[in-house]
Each structure stands twice: as structure tokens, then as C-alpha cells.
Amino acid sequence: MKRILTIIIVLGAGRAIKKKIPGFAKDRMVIVISLDGFPGFALEDPKQPVPTLRKLISNGTWTRMHTINPTITWPNHTTMVTGVHADEHGLLLNGTILRTNGWPPVRVYPKIDKEKMVHAPTIYDAAHQAGLTTAQVDWVAIHNAPTITWAFSEWVTPDDPVAQEMIERGILTTNEVQDFTKFNIVWRDQVWTKAAAYLIRQHKPNLMLFHLLTLDATHHRYGPKTVAGTTAMAFLDGCVAQVVEAVQEAGMTDRTTFFVVSDHGFKGYTNEIRANVALESNGLAQAAYVLPEGGTGFLYFHATNSPDVSRKVTELMKSVAGIADVITPDRFAALGLPLPQKDPQTFDLLLTAKPGYSFSGATGGAVTAAVPQQAGSHGYLASDPELDAIFVASGYGVKPGVKLDRVSSIDVAPTIANLLDVKLPKAKGKTLRLQ
């Protein structure tokens with residue numbers, strides 16, 4: 001009897017310390033699936049046709065996720081892999097904002113290498129440094145990342161290594177990825193899903209980052225809470241099902257953790273704000289420029305402005321119909337935004353839109369105008385609950401039915417780090433309790 005008890009104690013201790021054994025994480029996978037533009041409120045609808053997500057939730061948990069400012073795709077995706085806000089990771093738009101020394105004064109460049117674009121350590125950097133393998137399919141702010149083992153990018157070509165590998169194996173054809181960026185977004189999501197499933201079956205990466213775009217495009221065109229949006233969600237649920245099936249085929253079901261997330265919610269609008277038309281109409285076109293980003297506008301002063309001219313611009317923006325607030329730099333820190341003197345990308349004023357309005361880049365017509373039909377935008381302040389995203393956790397390390405309060409996008413990276421037994425000391429989020 002004593003011998004039996006000793007064996008039980010030893011075996012129990014072995015289970016308790018299993019996560020501490022060096023190399024144990026190499027036997028596991030964490031798969032992050034981002035469904036761009038999936039609002040938190042949408043998953044609260046029990047009639048939403050997403051059976052795969054429902055099954056993952058029944059085996060795990062879900063909650064709303066608070067996003068960061070700006071509520072834009074690349075900044076929020078970068079927060080999910082760094083655990084810090086935009087003022088630290090350096091993403092304010094879908095690319096790096098560079099000064100032009102001309103007019104307009106700024107342009108956005110998406111194809112800058114990750115090492116120059118992202119200013120904080122990422123979870124895939126940490127995983128790579130720990131000897132784990134990493135993969136990305138259509139993730140963002142990750143161009144030419146040296147710590148990604150296998151990449152199938154947003155701009156994939158037939159010459160890319162993973163694409164070549166898939167073509168040689170007859171899983172993909174050259175035509176499917178030739179001039180890839182010209183194809184419709186539903187087609188591209190299908191190809192990206194095929195690539196993600198292939199990488200899981202063939203390579204079993206310890207960390208997979210996978211991003212789908214159909215819902216975001218649909219919500220921009222038709223707005224949220226529409227039949228079109230519901231149809232797009234059903235399509236994406238089918239894409240998630242293919243990834244889950246690939247995990248099963250790889251024999252990794254018991255060792256895989258799924259996180260299904262989104263980067264922001266959506267708001268419908270029926271009117272657009274043409275801030276640059278307002279500047280032109282008031283003789284201030286060379287004094288300031290507004291980069292429209294849906295629910296916000298990034299206003300840049302001309303470097304040679306006198307204080308009086310800058311005041312005129314500020315007062316003008318306050319008077320434009322549809323603009324809710326003109327936020328000055330003294331309020332940026334509270335929003336997690338960098339100061340202009342610390343980051344040359346940063347705007348001089350942040351303009352916010354009232355409900356039902358969105359900023360437009362149009363250069364003619366009325367300052368505010370109705371749109372032909374409802375459309376959708378994000379970019380509004382993250383304090384708006386309609387901008388909440390989704391957070392689904394399921395699989396290894398997740399107790400079915402565990403209760404989570406509303407989480408934050410800065411919590412995703414440290415939670416992944418904990419599951420993979422790697423360090424991400426600069427992350428500001430908390431490790432979520434999933435057991």
C-alpha cells in the first residue's frame with residue numbers, strides 16, 4: 001500500500017510540474033484567429049449563424065474585448081501581439097505614417113519591414129527566441145519579420161516559399177496567387193484559410209497568427225447589423241471550421257489552444273464629414289490637413305503655421321457639423337496615444353465624429369453630406385461599447401465554462417506567453433485566468 005501511494009504521489013508531482021519541463025511547449029500549438037471587424041455585440045445574438053464559434057465557446061469561454069485607440073486594424077492587432085498601447089508599439093494606422101515634406105504632409109506606408117514598424121517586443125519574437133516555431137497568414141505589421149518561421153502574407157506571390165511549397169504539393173495553383181491582391185476579399189480569405197490549414201497539418205507551428213478580412217469589408221460597405229454582415233459571419237465561421245478540422249487531422253486537438261478574436265467593432269453611419277473641404281472653403285487648405293479614419297480624423301498643422309492660424313483651424317473644426325470633439329495633445333496620454341513631440345507620426349489634433357457620421361477624404365461638394373445608403377466605420381473612440389471586439393478561448397489550458405469579465409486587447413499577448421512558457425516582460429496587460 002505504501003509503495004502504491006508513493007507511485008501516485010510521484011505521478012501527481014510529474015503532472016504538476018509538466019509545464020515546467022524544458023521543451024514542453026514545443027509539443028503544443030496556440031492558434032490566434034482574427035475575424036476583422038467582428039463586433040462584440042454580434043456574438044451576443046443567439047441566432048447568429050456561427051456554429052463553429054458556438055462549439056468552441058461551449059468547450060471554453062468568450063467575452064467582449066475592450067479595444068485600444070485608435071480603433072483601427074493594425075494598431076489593435078499589434079496590441080494583441082505586444083500587450084502595449086499605440087504610444088509604445090508605434091502603430092496608429094494600417095502602416096507607418098511618414099512625413100512627405102510636401103502636401104499633403106503625410107502618407108501611410110504598409111510595406112515597411114516589421115523591425116522598423118513595430119517598436120515593442122512581440123509574442124512571436126519571444127516564441128522564436130525560446131526555440132519555438134511561428135507562422136503567420138495575412139497578419140499585419142509583420143512584413144519580413146525575421147522571427148516568423150513560415151509566412152503567407154497579405155501580398156503573397158507564387159514565388160513566396162510557403163506558396164511554392166503548397167503549389168509543389170498540388171494544394172495550391174499558381175493562378176490562385178498570381179496577382180493575388182487584385183482578387184475579391186472572399187476569394188483571398190478562402191486562399192488564406194487553405195494556407196493556414198496547410199501549415200497546421202504540415203508544420204504544426206507552436207504559434208499561428210491568422211487574419212481574415214471579409215467581415216470588415218462587408219461592414220464598411222453595408223454597415224453592421226445587416227443581412228450582408230450576418231452572411232459574412234457565417235462564411236467566416238466556415239473558415240474557422242476548416243482550421244479546427246486541420247488541427248484534428250494533425251492529431252493536435254488535445255494540445256492546441258484556440259483564441260478567436262477581433263480588432264474592433266463597427267458603427268453604422270449615414271452622413272460623412274469632409275474636413276478638408278471645410279479647410280479649403282475657409283482659405284485654410286495649406287494650413288492643415290485631415291487624414292480621415294472613419295470615426296476619427298487625424299489633423300496635421302502645417303509646420304509654418306502661426307499660433308493665430310492654428311487657432312483658426314481649431315475653431316473651424318469645432319464648428320463643423322458632425323464633429324463631436326477636437327482633442328488636443330494634452331489629452332492624448334489618457335487615450336494611449338503618443339505625443340507629437342515624441343512620435344513624428346502623431347497628429348496635432350484628433351477629431352471625433354458624432355454618432356451617424358464618419359470622416360471622408362472627399363475633396364469636393366458640401367462639408368457634410370448624406371451617403372446614398374448606410375455604411376459602416378470603426379476608428380471611433382474605444383470607450384464606445386459598439387467598438388468592443390470578441391474574445392473566444394477554447395482548448396488546451398482553458399476550462400470549459402470559465403467566467404471572464406470584459407477583457408482588454410492588451411491581455412492577449414501575456415496570456416499567450418503564459419501558455420507557451422515564454423517571457424514578454426514589457427507587456428502591460430494581465431495574464432487571463434482560463435482555468
# chains A, B, ... in the order shown; residues from 1 in each chain; ligands from 1
$ residues_around --residues "Ile72 of chain A" --least-positions-apart "2" --cutoff "8 Å" --atoms "only C-alpha atoms" --output "list of chain:residue names"
A:Asn69, A:Pro70, A:Trp74, A:Pro75, A:Asn76, A:Leu92, A:Leu93, A:Asn94, A:Asp263, A:His264, A:His378, A:Gly379
$ write_last_selection --atoms "C-alpha atoms" --output "tab-separated table (two decimals), in the first residue's frame"
chain	number	residue	atom	x	y	z
A	69	ASN	CA	-7.19	53.77	-29.58
A	70	PRO	CA	-7.11	54.17	-32.49
A	74	TRP	CA	-3.15	47.41	-37.48
A	75	PRO	CA	-2.88	49.22	-34.13
A	76	ASN	CA	-5.19	46.73	-32.41
A	92	LEU	CA	-1.50	54.48	-35.44
A	93	LEU	CA	-2.85	53.40	-38.83
A	94	ASN	CA	-2.60	50.49	-41.26
A	263	ASP	CA	-9.71	44.00	-33.69
A	264	HIS	CA	-12.66	46.35	-33.32
A	378	HIS	CA	-14.60	52.00	-37.00
A	379	GLY	CA	-12.00	54.42	-35.69
$ residues_around --residues "Thr431 of chain A" --least-positions-apart "6" --cutoff "8 Å" --atoms "only C-alpha atoms" --output "number ranges by chain"
A: 411-412, 414-415, 418
$ residues_around --residues "Ile31 of chain A" --least-positions-apart "4" --cutoff "12 Å" --atoms "only C-alpha atoms" --output "PyMOL selection string"
chain A and resi 124+134-137+196-197+199-200+204-211+240+243-244+246-247+252-253+255-261+392-396+412+416+419-420
$ closest_residue --among "A:Ala127, A:Thr304, A:Thr73, A:Met166" --to "Ala417 of chain A" --atoms "only C-alpha atoms"
A:Ala127
$ residues_around --residues "segment 46-50 of chain A" --least-positions-apart "2" --cutoff "10 Å" --atoms "only C-alpha atoms" --output "PyMOL selection string"
chain A and resi 42-44+52-55+230-238+240-241
$ residues_around --residues "Phe391 of chain A" --least-positions-apart "4" --cutoff "10 Å" --atoms "only C-alpha atoms" --output "list of chain:residue names"
A:Ser34, A:Gly40, A:Leu43, A:Ile57, A:Thr61, A:Trp62, A:Thr63, A:Arg64, A:Met65, A:His66, A:Phe259, A:Val260, A:Val261, A:Ser262, A:Asp263, A:Leu404, A:Arg406, A:Val407, A:Ser408, A:Ser409, A:Val412
$ select_by_dssp --residues "segment 101-282 of chain A" --states "helix (DSSP H, G or I)" --output "count of residues only"
87
$ closest_residue --among "A:Ile390, A:Ala86, A:Val313, A:Leu215" --to "Ile185 of chain A" --atoms "only C-alpha atoms"
A:Leu215
$ residues_around --residues "segment 348-360 of chain A" --least-positions-apart "3" --cutoff "6 Å" --atoms "only C-alpha atoms" --output "ChimeraX atom specification"
/A:269-274,292,294-300,322-328
$ closest_residue --among "A:Val191, A:Val32, A:Met317, A:Ala126" --to "Glu176 of chain A" --atoms "only C-alpha atoms"
A:Val191
$ residues_around --residues "Ile410 of chain A" --least-positions-apart "4" --cutoff "7 Å" --atoms "only C-alpha atoms" --output "MDAnalysis selection string"
chainID A and resid 79:80 83:84 428:429
$ closest_residue --among "A:Trp139, A:Phe38, A:Phe266, A:Trp150" --to "Asp384 of chain A" --atoms "only C-alpha atoms"
A:Phe266
$ closest_residue --among "A:Gly102, A:Gln373, A:Glu115, A:Ala120" --to "Leu424 of chain A" --atoms "only C-alpha atoms"
A:Ala120
$ select_by_dssp --residues "segment 19-107 of chain A" --states "strand (DSSP E)" --output "PyMOL selection string"
chain A and resi 29-35+60-66+96-99+106-107
$ closest_residue --among "A:Gly336, A:Gly170, A:Gly361, A:Pro344" --to "Leu381 of chain A" --atoms "only C-alpha atoms"
A:Gly336
$ decode --residues "segment 384-406 of chain A" --atoms "C-alpha atoms" --output "PDB file, in the first residue's frame"
ATOM      1  CA  ASP A 384     -17.739  53.401 -27.230  1.00  0.00           C
ATOM      2  CA  PRO A 385     -19.099  49.896 -26.422  1.00  0.00           C
ATOM      3  CA  GLU A 386     -20.025  49.360 -30.078  1.00  0.00           C
ATOM      4  CA  LEU A 387     -16.283  49.263 -30.747  1.00  0.00           C
ATOM      5  CA  ASP A 388     -15.810  46.277 -28.413  1.00  0.00           C
ATOM      6  CA  ALA A 389     -14.331  43.210 -30.094  1.00  0.00           C
ATOM      7  CA  ILE A 390     -14.725  39.479 -29.354  1.00  0.00           C
ATOM      8  CA  PHE A 391     -12.504  37.151 -27.342  1.00  0.00           C
ATOM      9  CA  VAL A 392     -13.078  33.394 -27.557  1.00  0.00           C
ATOM     10  CA  ALA A 393     -10.747  30.935 -25.804  1.00  0.00           C
ATOM     11  CA  SER A 394     -11.007  27.169 -26.160  1.00  0.00           C
ATOM     12  CA  GLY A 395      -8.894  24.028 -25.987  1.00  0.00           C
ATOM     13  CA  TYR A 396      -5.721  23.246 -24.074  1.00  0.00           C
ATOM     14  CA  GLY A 397      -5.390  25.251 -20.859  1.00  0.00           C
ATOM     15  CA  VAL A 398      -8.976  26.553 -20.965  1.00  0.00           C
ATOM     16  CA  LYS A 399     -11.564  25.220 -18.523  1.00  0.00           C
ATOM     17  CA  PRO A 400     -14.988  24.898 -20.177  1.00  0.00           C
ATOM     18  CA  GLY A 401     -17.386  27.466 -18.772  1.00  0.00           C
ATOM     19  CA  VAL A 402     -14.747  29.558 -17.023  1.00  0.00           C
ATOM     20  CA  LYS A 403     -16.164  33.028 -16.387  1.00  0.00           C
ATOM     21  CA  LEU A 404     -14.319  36.065 -17.712  1.00  0.00           C
ATOM     22  CA  ASP A 405     -15.135  39.704 -17.191  1.00  0.00           C
ATOM     23  CA  ARG A 406     -14.663  42.041 -20.143  1.00  0.00           C
TER      24      ARG A 406
END
